[in-house]
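Structure record follows, encoded as structure tokens.
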Amino acid sequence: MALAAAYPHGGLLLASPVRVLVRLMELLPSAAFWQAVGNSSLRIFGGFLLSCVLAIPLAALAAGSRWVRELLAPLAAVVKAAPVASFIILALVWLDAGSLS
């Protein structure tokens, strides 16, 4: 509210909670809103499921084989070292914004 009072277009920078709730109430009856929520949820849960399907066999292989563990170690080190936000930036570069979720 202080930002909106200080700057005429302060709402463009940060929407107030009241404006967010009003807009949410406007969008709730919309089919396009629920379609976007559904598509995003499917992609998110699909990615999680795919990661589980890939991670479990790879973890079992790495636990049983030193060669596989050494092969996967550099990739695991890179993933652990990079901040999560950087993956989002890379995804924005590689993918279009519509398929980011």
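The chains in the structure tokens are called A, B, ... from first to last as shown; in each chain the residues are counted from 1, and the ligands are counted from 1 in the order shown.
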Discussion item. Residues within 12 Å of segment 53-61 of chain A, please, as a ChimeraX atom specification. Count only C-alpha atoms; anything in the same chain fewer than 4 positions from it doesn't count.
Written reply: /A:46-49,65-73,76
Worksheet item: Please, what distance in Å, to one decimal, runs between atom CA of Ala82 of chain A and atom CA of Asn39 of chain A?
Response: 27.5 Å
